[in-house]
$ cat input_24.cif   # mmCIF, C-alpha atoms and all ligand atoms
data_start
loop_
_atom_site.group_PDB
_atom_site.id
_atom_site.type_symbol
_atom_site.label_atom_id
_atom_site.label_comp_id
_atom_site.auth_asym_id
_atom_site.auth_seq_id
_atom_site.Cartn_x
_atom_site.Cartn_y
_atom_site.Cartn_z
ATOM 1 C CA MET A 1 118.550 89.862 114.780
ATOM 2 C CA TYR A 2 118.370 92.095 111.741
ATOM 3 C CA ALA A 3 122.006 93.046 111.058
ATOM 4 C CA THR A 4 124.803 90.736 109.896
ATOM 5 C CA ARG A 5 128.354 91.800 109.031
ATOM 6 C CA VAL A 6 129.051 90.806 105.418
ATOM 7 C CA ALA A 7 132.197 92.740 104.452
ATOM 8 C CA ASP A 8 134.622 95.330 105.781
ATOM 9 C CA ARG A 9 132.395 98.195 107.019
ATOM 10 C CA VAL A 10 129.272 96.638 105.504
ATOM 11 C CA TYR A 11 126.324 95.060 107.285
ATOM 12 C CA MET A 12 123.340 93.381 105.724
ATOM 13 C CA LEU A 13 119.941 94.272 107.186
ATOM 14 C CA ASP A 14 117.185 91.717 106.807
ATOM 15 C CA THR A 15 114.088 93.833 106.144
ATOM 16 C CA PHE A 16 111.775 90.891 106.921
ATOM 17 C CA ALA A 17 109.666 91.662 103.867
ATOM 18 C CA LEU A 18 106.022 90.794 104.610
ATOM 19 C CA GLY A 19 107.304 89.110 107.774
ATOM 20 C CA GLN A 20 109.552 86.746 105.809
ATOM 21 C CA ALA A 21 113.269 86.398 106.626
ATOM 22 C CA ASN A 22 115.964 86.075 103.945
ATOM 23 C CA THR A 23 114.066 87.574 101.015
ATOM 24 C CA VAL A 24 114.754 91.338 100.847
ATOM 25 C CA ALA A 25 118.029 92.814 102.127
ATOM 26 C CA ALA A 26 119.194 96.376 102.638
ATOM 27 C CA TYR A 27 122.825 97.226 103.358
ATOM 28 C CA VAL A 28 124.536 99.678 105.697
ATOM 29 C CA ILE A 29 128.013 101.049 105.176
ATOM 30 C CA THR A 30 129.433 102.151 108.510
ATOM 31 C CA GLY A 31 131.983 104.854 109.282
ATOM 32 C CA PRO A 32 131.914 108.637 109.547
ATOM 33 C CA LYS A 33 129.080 108.883 107.003
ATOM 34 C CA PRO A 34 126.727 105.985 107.638
ATOM 35 C CA THR A 35 125.063 105.070 104.357
ATOM 36 C CA LEU A 36 121.955 103.011 103.715
ATOM 37 C CA VAL A 37 121.750 101.207 100.374
ATOM 38 C CA ASP A 38 118.168 100.124 99.657
ATOM 39 C CA CYS A 39 115.312 100.496 102.089
ATOM 40 C CA GLY A 40 112.834 97.635 101.721
ATOM 41 C CA TYR A 41 109.062 97.917 101.423
ATOM 42 C CA ALA A 42 107.318 100.793 103.215
ATOM 43 C CA SER A 43 105.926 98.143 105.568
ATOM 44 C CA SER A 44 109.541 97.181 106.485
ATOM 45 C CA THR A 45 110.489 100.649 107.795
ATOM 46 C CA GLN A 46 110.605 99.519 111.437
ATOM 47 C CA SER A 47 112.785 96.485 110.596
ATOM 48 C CA VAL A 48 115.351 98.737 108.928
ATOM 49 C CA LEU A 49 115.377 101.097 111.919
ATOM 50 C CA ALA A 50 115.714 98.099 114.263
ATOM 51 C CA GLY A 51 118.687 96.820 112.226
ATOM 52 C CA LEU A 52 120.393 100.196 112.429
ATOM 53 C CA ALA A 53 119.720 100.340 116.173
ATOM 54 C CA GLU A 54 121.473 96.967 116.586
ATOM 55 C CA LEU A 55 124.536 98.613 115.053
ATOM 56 C CA GLY A 56 124.225 101.640 117.356
ATOM 57 C CA ILE A 57 123.296 103.882 114.423
ATOM 58 C CA MET A 58 120.614 106.448 115.191
ATOM 59 C CA PRO A 59 118.404 107.637 112.300
ATOM 60 C CA SER A 60 119.932 111.108 112.655
ATOM 61 C CA ASP A 61 123.444 109.603 112.175
ATOM 62 C CA VAL A 62 122.684 108.430 108.626
ATOM 63 C CA ARG A 63 124.248 110.718 105.989
ATOM 64 C CA TYR A 64 123.313 109.035 102.702
ATOM 65 C CA ILE A 65 120.333 106.980 101.563
ATOM 66 C CA ILE A 66 120.679 105.228 98.208
ATOM 67 C CA PRO A 67 117.500 103.554 96.938
ATOM 68 C CA THR A 68 119.036 101.588 94.046
ATOM 69 C CA HIS A 69 115.808 101.841 92.050
ATOM 70 C CA VAL A 70 112.173 102.711 92.624
ATOM 71 C CA HIS A 71 110.716 99.197 92.880
ATOM 72 C CA LEU A 72 108.801 99.001 96.142
ATOM 73 C CA ASP A 73 111.021 96.345 97.747
ATOM 74 C CA HIS A 74 113.981 98.738 97.346
ATOM 75 C CA ALA A 75 112.546 102.238 97.694
ATOM 76 C CA GLY A 76 109.159 101.711 99.375
ATOM 77 C CA ALA A 77 110.518 102.743 102.784
ATOM 78 C CA ALA A 78 112.834 105.472 101.455
ATOM 79 C CA GLY A 79 110.407 108.329 102.138
ATOM 80 C CA ALA A 80 109.533 107.227 105.677
ATOM 81 C CA LEU A 81 113.217 106.621 106.440
ATOM 82 C CA ALA A 82 114.267 109.971 104.959
ATOM 83 C CA ARG A 83 111.714 111.631 107.246
ATOM 84 C CA GLU A 84 113.378 109.956 110.280
ATOM 85 C CA MET A 85 116.917 110.425 108.973
ATOM 86 C CA VAL A 86 116.781 114.192 109.125
ATOM 87 C CA ASP A 87 120.380 114.796 108.028
ATOM 88 C CA ALA A 88 120.493 112.268 105.194
ATOM 89 C CA GLU A 89 120.854 113.173 101.539
ATOM 90 C CA VAL A 90 119.145 110.805 99.086
ATOM 91 C CA PHE A 91 121.010 109.669 95.948
ATOM 92 C CA ALA A 92 119.046 108.014 93.149
ATOM 93 C CA HIS A 93 119.192 107.719 89.383
ATOM 94 C CA GLU A 94 117.886 110.760 87.518
ATOM 95 C CA ARG A 95 114.972 108.691 86.195
ATOM 96 C CA ALA A 96 114.130 107.532 89.729
ATOM 97 C CA VAL A 97 114.106 110.991 91.346
ATOM 98 C CA PRO A 98 110.716 112.139 89.928
ATOM 99 C CA HIS A 99 109.053 108.901 91.142
ATOM 100 C CA LEU A 100 110.556 109.281 94.600
ATOM 101 C CA ALA A 101 109.362 112.902 94.749
ATOM 102 C CA ASP A 102 105.866 111.858 93.668
ATOM 103 C CA PRO A 103 105.189 108.109 93.944
ATOM 104 C CA THR A 104 101.639 108.334 92.496
ATOM 105 C CA LYS A 105 102.456 106.798 89.092
ATOM 106 C CA LEU A 106 104.674 104.193 90.681
ATOM 107 C CA VAL A 107 101.907 103.108 93.054
ATOM 108 C CA ASP A 108 99.365 102.977 90.201
ATOM 109 C CA SER A 109 101.689 100.851 88.080
ATOM 110 C CA ALA A 110 102.539 98.496 90.957
ATOM 111 C CA THR A 111 98.836 98.166 91.831
ATOM 112 C CA ARG A 112 98.161 97.040 88.245
ATOM 113 C CA VAL A 113 100.895 94.392 88.554
ATOM 114 C CA PHE A 114 100.270 93.128 92.087
ATOM 115 C CA GLY A 115 96.670 94.070 92.969
ATOM 116 C CA GLU A 116 95.235 96.090 95.892
ATOM 117 C CA GLU A 117 95.543 93.342 98.489
ATOM 118 C CA ILE A 118 99.267 92.765 98.011
ATOM 119 C CA MET A 119 99.885 96.512 97.711
ATOM 120 C CA ALA A 120 98.333 96.975 101.157
ATOM 121 C CA MET A 121 100.924 94.517 102.520
ATOM 122 C CA TYR A 122 103.780 96.330 100.776
ATOM 123 C CA GLY A 123 102.732 99.646 102.297
ATOM 124 C CA ARG A 124 102.489 103.063 100.698
ATOM 125 C CA PRO A 125 105.693 104.962 99.842
ATOM 126 C CA GLU A 126 105.968 108.510 101.174
ATOM 127 C CA PRO A 127 107.214 111.274 98.872
ATOM 128 C CA ILE A 128 110.757 112.557 99.382
ATOM 129 C CA PRO A 129 111.216 116.341 99.148
ATOM 130 C CA SER A 130 113.100 117.107 95.915
ATOM 131 C CA GLY A 131 115.528 119.366 97.767
ATOM 132 C CA ARG A 132 116.912 116.379 99.655
ATOM 133 C CA MET A 133 117.691 114.357 96.527
ATOM 134 C CA THR A 134 120.698 114.304 94.223
ATOM 135 C CA ALA A 135 120.223 112.778 90.777
ATOM 136 C CA VAL A 136 122.788 110.281 89.501
ATOM 137 C CA GLY A 137 123.520 110.178 85.763
ATOM 138 C CA LYS A 138 125.926 107.645 84.309
ATOM 139 C CA GLU A 139 128.138 107.598 87.384
ATOM 140 C CA LEU A 140 128.644 109.470 90.660
ATOM 141 C CA HIS A 141 131.501 109.331 93.143
ATOM 142 C CA LEU A 142 130.753 109.551 96.850
ATOM 143 C CA ALA A 143 133.362 109.807 99.639
ATOM 144 C CA LEU A 144 132.250 107.801 102.675
ATOM 145 C CA GLY A 145 135.127 108.845 104.955
ATOM 146 C CA ASP A 146 138.038 106.971 106.547
ATOM 147 C CA GLY A 147 139.453 105.939 103.179
ATOM 148 C CA LEU A 148 136.338 104.392 101.686
ATOM 149 C CA SER A 149 134.490 105.688 98.639
ATOM 150 C CA ALA A 150 131.614 104.503 96.505
ATOM 151 C CA THR A 151 130.817 104.816 92.822
ATOM 152 C CA LEU A 152 127.138 104.796 91.937
ATOM 153 C CA ILE A 153 126.903 103.257 88.484
ATOM 154 C CA HIS A 154 123.857 103.413 86.209
ATOM 155 C CA ALA A 155 122.746 99.799 85.822
ATOM 156 C CA PRO A 156 119.783 99.673 83.422
ATOM 157 C CA GLY A 157 117.949 96.585 82.198
ATOM 158 C CA HIS A 158 116.086 95.294 85.242
ATOM 159 C CA ALA A 159 114.741 98.848 85.271
ATOM 160 C CA PRO A 160 115.975 101.996 83.528
ATOM 161 C CA HIS A 161 116.205 103.879 86.851
ATOM 162 C CA GLN A 162 118.637 101.539 88.605
ATOM 163 C CA VAL A 163 122.135 102.086 90.007
ATOM 164 C CA SER A 164 124.627 99.588 91.408
ATOM 165 C CA VAL A 165 127.079 100.716 94.102
ATOM 166 C CA LEU A 166 130.754 99.782 93.959
ATOM 167 C CA LEU A 167 132.904 100.260 97.061
ATOM 168 C CA ASN A 168 136.079 101.253 95.294
ATOM 169 C CA GLU A 169 138.758 100.360 97.828
ATOM 170 C CA THR A 170 137.312 96.984 98.887
ATOM 171 C CA ARG A 171 135.846 96.015 95.458
ATOM 172 C CA VAL A 172 132.540 95.074 97.019
ATOM 173 C CA LEU A 173 129.632 95.515 94.585
ATOM 174 C CA LEU A 174 126.107 96.157 95.826
ATOM 175 C CA THR A 175 124.356 94.822 92.775
ATOM 176 C CA ALA A 176 120.767 96.001 93.148
ATOM 177 C CA ASP A 177 118.658 93.746 90.892
ATOM 178 C CA SER A 178 121.352 93.574 88.194
ATOM 179 C CA VAL A 179 121.879 90.006 89.339
ATOM 180 C CA GLY A 180 119.323 87.253 89.641
ATOM 181 C CA ILE A 181 117.602 86.083 92.807
ATOM 182 C CA VAL A 182 119.835 83.787 94.834
ATOM 183 C CA TYR A 183 117.798 82.970 97.933
ATOM 184 C CA PRO A 184 119.881 81.123 100.530
ATOM 185 C CA GLY A 185 119.050 77.441 100.423
ATOM 186 C CA LEU A 186 117.697 77.644 96.856
ATOM 187 C CA ARG A 187 120.424 76.047 94.777
ATOM 188 C CA THR A 188 119.682 77.910 91.570
ATOM 189 C CA LEU A 189 119.186 81.431 90.281
ATOM 190 C CA ILE A 190 115.896 83.065 89.287
ATOM 191 C CA PRO A 191 116.105 85.926 86.762
ATOM 192 C CA THR A 192 114.915 89.317 88.042
ATOM 193 C CA THR A 193 112.865 90.398 85.041
ATOM 194 C CA PRO A 194 109.707 92.102 86.355
ATOM 195 C CA PRO A 195 107.369 94.457 84.498
ATOM 196 C CA PRO A 196 106.910 97.184 83.461
ATOM 197 C CA SER A 197 110.268 98.516 82.222
ATOM 198 C CA LEU A 198 112.447 95.424 81.763
ATOM 199 C CA ASP A 199 114.951 95.484 78.905
ATOM 200 C CA PRO A 200 116.670 92.075 78.798
ATOM 201 C CA HIS A 201 119.374 93.236 76.346
ATOM 202 C CA GLU A 202 120.339 96.129 78.585
ATOM 203 C CA LEU A 203 120.236 93.814 81.585
ATOM 204 C CA VAL A 204 122.746 91.449 79.950
ATOM 205 C CA SER A 205 124.973 94.350 78.909
ATOM 206 C CA THR A 206 124.894 95.729 82.488
ATOM 207 C CA VAL A 207 125.915 92.290 83.770
ATOM 208 C CA ARG A 208 128.789 92.196 81.268
ATOM 209 C CA SER A 209 130.039 95.630 82.290
ATOM 210 C CA HIS A 210 129.760 94.655 85.977
ATOM 211 C CA LYS A 211 132.083 91.747 85.181
ATOM 212 C CA GLN A 212 134.782 94.276 84.279
ATOM 213 C CA LEU A 213 134.674 95.956 87.712
ATOM 214 C CA GLY A 214 136.932 93.440 89.423
ATOM 215 C CA ALA A 215 134.439 92.883 92.244
ATOM 216 C CA LYS A 216 135.511 90.440 94.944
ATOM 217 C CA ALA A 217 132.038 90.067 96.397
ATOM 218 C CA LEU A 218 128.452 90.732 95.333
ATOM 219 C CA LEU A 219 125.933 91.980 97.877
ATOM 220 C CA THR A 220 122.563 91.022 96.478
ATOM 221 C CA PRO A 221 119.162 92.300 97.613
ATOM 222 C CA HIS A 222 117.617 88.836 97.186
ATOM 223 C CA PHE A 223 119.558 87.680 99.152
ATOM 224 C CA GLY A 224 122.960 88.140 100.746
ATOM 225 C CA ILE A 225 126.646 87.936 99.876
ATOM 226 C CA ARG A 226 128.113 85.873 97.027
ATOM 227 C CA THR A 227 131.848 85.559 96.444
ATOM 228 C CA ASP A 228 131.496 83.384 93.309
ATOM 229 C CA VAL A 229 131.247 86.667 91.412
ATOM 230 C CA ASP A 230 131.766 85.517 87.818
ATOM 231 C CA GLU A 231 129.536 82.468 88.274
ATOM 232 C CA VAL A 232 126.607 84.564 89.547
ATOM 233 C CA LEU A 233 127.036 87.209 86.832
ATOM 234 C CA ASP A 234 127.382 84.584 84.079
ATOM 235 C CA ALA A 235 124.377 82.646 85.380
ATOM 236 C CA THR A 236 122.306 85.842 85.444
ATOM 237 C CA ALA A 237 123.091 86.676 81.808
ATOM 238 C CA ALA A 238 122.519 83.082 80.681
ATOM 239 C CA LYS A 239 119.229 82.725 82.576
ATOM 240 C CA VAL A 240 117.813 86.042 81.355
ATOM 241 C CA THR A 241 118.629 85.092 77.763
ATOM 242 C CA SER A 242 117.189 81.579 78.004
ATOM 243 C CA TRP A 243 114.024 82.689 79.848
ATOM 244 C CA VAL A 244 113.254 85.329 77.223
ATOM 245 C CA LYS A 245 113.610 82.721 74.486
ATOM 246 C CA ASP A 246 111.617 80.035 76.291
ATOM 247 C CA VAL A 247 108.827 82.355 77.447
ATOM 248 C CA ALA A 248 108.573 83.691 73.879
ATOM 249 C CA ASP A 249 108.293 80.124 72.533
ATOM 250 C CA MET A 250 105.594 79.158 75.032
ATOM 251 C CA ALA A 251 103.662 82.403 74.484
ATOM 252 C CA ALA A 252 103.836 81.858 70.705
ATOM 253 C CA ARG A 253 102.220 78.438 71.240
ATOM 254 C CA GLY A 254 99.372 80.179 73.058
ATOM 255 C CA SER A 255 100.356 79.397 76.669
ATOM 256 C CA SER A 256 98.945 81.772 79.293
ATOM 257 C CA LEU A 257 100.851 83.578 82.035
ATOM 258 C CA GLU A 258 99.682 80.935 84.505
ATOM 259 C CA ASP A 259 100.780 78.033 82.231
ATOM 260 C CA ILE A 260 104.194 79.557 81.689
ATOM 261 C CA SER A 261 104.633 80.423 85.367
ATOM 262 C CA ASP A 262 103.792 76.829 86.305
ATOM 263 C CA ALA A 263 106.288 75.509 83.751
ATOM 264 C CA MET A 264 109.028 77.826 85.006
ATOM 265 C CA GLN A 265 108.282 76.954 88.644
ATOM 266 C CA LEU A 266 108.688 73.272 87.766
ATOM 267 C CA ARG A 267 111.949 74.028 86.005
ATOM 268 C CA VAL A 268 113.354 76.043 88.916
ATOM 269 C CA GLY A 269 112.207 73.320 91.318
ATOM 270 C CA ARG A 270 114.107 70.715 89.281
ATOM 271 C CA GLU A 271 117.229 72.911 89.136
ATOM 272 C CA ALA A 272 117.041 73.464 92.887
ATOM 273 C CA GLY A 273 116.393 69.787 93.565
ATOM 274 C CA SER A 274 113.317 70.632 95.631
ATOM 275 C CA ALA A 275 109.803 69.446 94.919
ATOM 276 C CA GLU A 276 108.028 72.397 96.544
ATOM 277 C CA LEU A 277 109.360 75.934 96.201
ATOM 278 C CA PRO A 278 108.735 78.497 98.950
ATOM 279 C CA ILE A 279 105.880 80.873 98.175
ATOM 280 C CA TYR A 280 108.172 83.913 97.749
ATOM 281 C CA ALA A 281 110.188 82.023 95.116
ATOM 282 C CA LYS A 282 106.953 81.188 93.273
ATOM 283 C CA ILE A 283 105.893 84.846 93.370
ATOM 284 C CA SER A 284 109.323 85.922 92.074
ATOM 285 C CA ILE A 285 109.100 83.453 89.195
ATOM 286 C CA ARG A 286 105.583 84.552 88.255
ATOM 287 C CA THR A 287 106.627 88.234 88.372
ATOM 288 C CA SER A 288 109.671 87.531 86.194
ATOM 289 C CA VAL A 289 107.560 85.626 83.651
ATOM 290 C CA MET A 290 105.074 88.507 83.669
ATOM 291 C CA GLY A 291 107.918 90.966 82.982
ATOM 292 C CA VAL A 292 109.238 88.965 80.043
ATOM 293 C CA MET A 293 105.723 88.607 78.560
ATOM 294 C CA HIS A 294 105.137 92.337 78.979
ATOM 295 C CA TYR A 295 108.471 93.093 77.294
ATOM 296 C CA LEU A 296 107.655 90.715 74.413
ATOM 297 C CA SER A 297 104.216 92.240 73.891
ATOM 298 C CA LYS A 298 105.700 95.755 73.805
ATOM 299 C CA ASN A 299 108.353 94.672 71.306
ATOM 300 C CA ALA A 300 106.254 92.346 69.135
HETATM 301 ZN ZN ZN B 1 113.627 95.545 91.300
#

$ encode --input "input_24.cif" --output "structure tokens"
Amino acid sequence: MYATRVADRVYMLDTFALGQANTVAAYVITGPKPTLVDCGYASSTQSVLAGLAELGIMPSDVRYIIPTHVHLDHAGAAGALAREMVDAEVFAHERAVPHLADPTKLVDSATRVFGEEIMAMYGRPEPIPSGRMTAVGKELHLALGDGLSATLIHAPGHAPHQVSVLLNETRVLLTADSVGIVYPGLRTLIPTTPPPSLDPHELVSTVRSHKQLGAKALLTPHFGIRTDVDEVLDATAAKVTSWVKDVADMAARGSSLEDISDAMQLRVGREAGSAELPIYAKISIRTSVMGVMHYLSKNA
């Protein structure tokens, strides 16, 4: 079971990232122009295709693929999927398009962050022919047929090459990583602040502008639907701000990445009321601490 209906004409696909349920979602908008928003890791390609098959959508039916940004859990499978989805046009931010056309730099940068062993589990992204991609600037309107349309909105901060997707008529917002990690069952929010191109100020300003969109529901990649829209957006802005401050304080006292990650894991565990966090939550926390430290060192 990969596909779950989450809103009018929208299904969530569990990509079973590294074999794990409920950690990385992609979304499908159904109708005359089936649209895939986010793709999962390259190693999740078959899960995404299986989810579409559950919905009776053949790869050749898909018209639009929207990798919200180039991080490997969102765009890793985009190239392999685009190869299968022969009639699909790919929409991505103008700063994402060059990396999707040639993922070499992206893979090098991710290998520095995660190491060879983990990269092998994520799988290698395939290039997407430039002729199949349309670059998104500040905003782009896309008609999805049968009275539904989407606006792709530049959503920098988590990464400069990110877009969120608003379904205009139903006010459903596919947030990409503009909002924090809200794993089901984890009763708190983890900031999504990875290296290498985090800008926490832009992230907070993206969250603020998303608050003005009048969204009725947030579809988050990590993981699922939230209808407490303002609470999630406010918690994201507050957490990003407090983590930057607290990580800066600890780093200034000479704490290492591992020390700070341990401290933040304890904090999240306390907030969630659980003694032992799942491994993917621990990895997310460590990656977010790493991103804040990288940002601080660049802006020292
Ligand atoms: Zn990301």

$ residues_near_ligand --input "input_24.cif" --ligand "ligand ZN 1 (chain B)" --cutoff "8 Å" --atoms "only C-alpha atoms and all ligand atoms" --output "list of chain:residue names"
A:His69, A:Val70, A:His71, A:Leu72, A:Asp73, A:His74, A:His158, A:Ala159, A:Ala176, A:Asp177, A:Thr192, A:Pro194

$ residues_around --input "input_24.cif" --residues "A:Val97" --least-positions-apart "3" --cutoff "10 Å" --atoms "all atoms listed in the file" --output "PyMOL selection string"
chain A and resi 67+69-70+90-94+100-103+128-130+133-136+161

$ residues_around --input "input_24.cif" --residues "A:Glu276" --least-positions-apart "3" --cutoff "12 Å" --atoms "only C-alpha atoms" --output "PyMOL selection string"
chain A and resi 186+262+265-273+279-282

$ resolve_selection --input "input_24.cif" --expression "the PyMOL selection byres (((chain A and resi 15-24) around 10) and not hetatm)" --output "ChimeraX atom specification"
/A:2-3,12-14,25-27,38-51,73-74,118,121-123,181-185,220-224,280-281

$ closest_atom_pairs --input "input_24.cif" --of "stretch 76-128 of chain A" --to "stretch 287-293 of chain A" --cutoff "12 Å" --atoms "only C-alpha atoms" --output "tab-separated table"
residue	atom	partner	partner_atom	distance
A:Ala110	CA	A:Thr287	CA	11.3
A:Arg112	CA	A:Met290	CA	11.9
A:Val113	CA	A:Thr287	CA	8.4
A:Phe114	CA	A:Thr287	CA	8.8

$ resolve_selection --input "input_24.cif" --expression "the PyMOL selection byres (((chain A and resi 160) around 9) and not hetatm)" --output "list in words"
His69, His93, Arg95, Ala96, His154, Ala155, Pro156, Gly157, His158, Ala159, His161, Gln162, Val163, Ser197, Leu198, Asp199 and Glu202 of chain A

$ atom_distance --input "input_24.cif" --atom1 "atom CA of A:Gly145" --atom2 "atom CA of A:Pro127"
28.7 Å

$ resolve_selection --input "input_24.cif" --expression "the PyMOL selection byres (((chain A and resi 236) around 9) and not hetatm)" --output "list in words"
Ser178, Val179, Gly180, Ile181, Leu189, Ile190, Pro191, Thr192, Val204, Val207, Glu231, Val232, Leu233, Asp234, Ala235, Ala237, Ala238, Lys239, Val240 and Thr241 of chain A

$ write_last_selection --input "input_24.cif" --atoms "C-alpha atoms" --output "PDB file, in the coordinates of the input"
ATOM      1  CA  SER A 178     121.352  93.574  88.194  1.00  0.00           C
ATOM      2  CA  VAL A 179     121.879  90.006  89.339  1.00  0.00           C
ATOM      3  CA  GLY A 180     119.323  87.253  89.641  1.00  0.00           C
ATOM      4  CA  ILE A 181     117.602  86.083  92.807  1.00  0.00           C
ATOM      5  CA  LEU A 189     119.186  81.431  90.281  1.00  0.00           C
ATOM      6  CA  ILE A 190     115.896  83.065  89.287  1.00  0.00           C
ATOM      7  CA  PRO A 191     116.105  85.926  86.762  1.00  0.00           C
ATOM      8  CA  THR A 192     114.915  89.317  88.042  1.00  0.00           C
ATOM      9  CA  VAL A 204     122.746  91.449  79.950  1.00  0.00           C
ATOM     10  CA  VAL A 207     125.915  92.290  83.770  1.00  0.00           C
ATOM     11  CA  GLU A 231     129.536  82.468  88.274  1.00  0.00           C
ATOM     12  CA  VAL A 232     126.607  84.564  89.547  1.00  0.00           C
ATOM     13  CA  LEU A 233     127.036  87.209  86.832  1.00  0.00           C
ATOM     14  CA  ASP A 234     127.382  84.584  84.079  1.00  0.00           C
ATOM     15  CA  ALA A 235     124.377  82.646  85.380  1.00  0.00           C
ATOM     16  CA  ALA A 237     123.091  86.676  81.808  1.00  0.00           C
ATOM     17  CA  ALA A 238     122.519  83.082  80.681  1.00  0.00           C
ATOM     18  CA  LYS A 239     119.229  82.725  82.576  1.00  0.00           C
ATOM     19  CA  VAL A 240     117.813  86.042  81.355  1.00  0.00           C
ATOM     20  CA  THR A 241     118.629  85.092  77.763  1.00  0.00           C
TER      21      THR A 241
END

$ axis_aligned_box --input "input_24.cif" --around "stretch 21-25 of chain A" --padding-each-side "6 Å" --output "lines of an AutoDock Vina configuration file"
center_x = 115.6
center_y = 89.4
center_z = 103.7
size_x = 16.8
size_y = 18.7
size_z = 17.8

$ atom_distance --input "input_24.cif" --atom1 "atom CA of A:Leu142" --atom2 "atom CA of A:Thr175"
16.6 Å

$ residues_around --input "input_24.cif" --residues "A:Pro32" --least-positions-apart "2" --cutoff "8 Å" --atoms "only C-alpha atoms" --output "list in words"
Thr30, Pro34, Leu144, Gly145 and Asp146 of chain A

$ closest_residue --input "input_24.cif" --among "A:Val172, A:Leu106, A:His201, A:Ile153" --to "A:Ile29" --atoms "all atoms listed in the file"
A:Val172

$ build_atoms --input "input_24.cif" --residues "stretch 171-183 of chain A" --atoms "N, CA and C atoms" --output "PDB file, keeping the file's coordinate frame"
ATOM      1  N   ARG A 171     136.403  96.732  96.632  1.00  0.00           N
ATOM      2  CA  ARG A 171     135.846  96.015  95.458  1.00  0.00           C
ATOM      3  C   ARG A 171     134.632  95.164  95.837  1.00  0.00           C
ATOM      4  N   VAL A 172     133.807  95.722  96.681  1.00  0.00           N
ATOM      5  CA  VAL A 172     132.540  95.074  97.019  1.00  0.00           C
ATOM      6  C   VAL A 172     131.465  95.759  96.171  1.00  0.00           C
ATOM      7  N   LEU A 173     130.648  94.952  95.482  1.00  0.00           N
ATOM      8  CA  LEU A 173     129.632  95.515  94.585  1.00  0.00           C
ATOM      9  C   LEU A 173     128.238  95.227  95.137  1.00  0.00           C
ATOM     10  N   LEU A 174     127.512  96.307  95.438  1.00  0.00           N
ATOM     11  CA  LEU A 174     126.107  96.157  95.826  1.00  0.00           C
ATOM     12  C   LEU A 174     125.322  96.192  94.525  1.00  0.00           C
ATOM     13  N   THR A 175     124.768  95.048  94.161  1.00  0.00           N
ATOM     14  CA  THR A 175     124.356  94.822  92.775  1.00  0.00           C
ATOM     15  C   THR A 175     122.984  95.361  92.415  1.00  0.00           C
ATOM     16  N   ALA A 176     122.190  95.771  93.415  1.00  0.00           N
ATOM     17  CA  ALA A 176     120.767  96.001  93.148  1.00  0.00           C
ATOM     18  C   ALA A 176     120.221  94.767  92.416  1.00  0.00           C
ATOM     19  N   ASP A 177     119.204  94.923  91.584  1.00  0.00           N
ATOM     20  CA  ASP A 177     118.658  93.746  90.892  1.00  0.00           C
ATOM     21  C   ASP A 177     119.322  93.507  89.537  1.00  0.00           C
ATOM     22  N   SER A 178     120.589  93.925  89.406  1.00  0.00           N
ATOM     23  CA  SER A 178     121.352  93.574  88.194  1.00  0.00           C
ATOM     24  C   SER A 178     121.671  92.095  88.164  1.00  0.00           C
ATOM     25  N   VAL A 179     121.651  91.448  89.331  1.00  0.00           N
ATOM     26  CA  VAL A 179     121.879  90.006  89.339  1.00  0.00           C
ATOM     27  C   VAL A 179     120.581  89.308  89.719  1.00  0.00           C
ATOM     28  N   GLY A 180     120.532  88.027  89.375  1.00  0.00           N
ATOM     29  CA  GLY A 180     119.323  87.253  89.641  1.00  0.00           C
ATOM     30  C   GLY A 180     119.096  87.036  91.132  1.00  0.00           C
ATOM     31  N   ILE A 181     117.975  86.396  91.429  1.00  0.00           N
ATOM     32  CA  ILE A 181     117.602  86.083  92.807  1.00  0.00           C
ATOM     33  C   ILE A 181     118.332  84.816  93.230  1.00  0.00           C
ATOM     34  N   VAL A 182     119.066  84.930  94.335  1.00  0.00           N
ATOM     35  CA  VAL A 182     119.835  83.787  94.834  1.00  0.00           C
ATOM     36  C   VAL A 182     119.481  83.562  96.313  1.00  0.00           C
ATOM     37  N   TYR A 183     118.221  83.182  96.549  1.00  0.00           N
ATOM     38  CA  TYR A 183     117.798  82.970  97.933  1.00  0.00           C
ATOM     39  C   TYR A 183     118.680  81.913  98.579  1.00  0.00           C
TER      40      TYR A 183
END
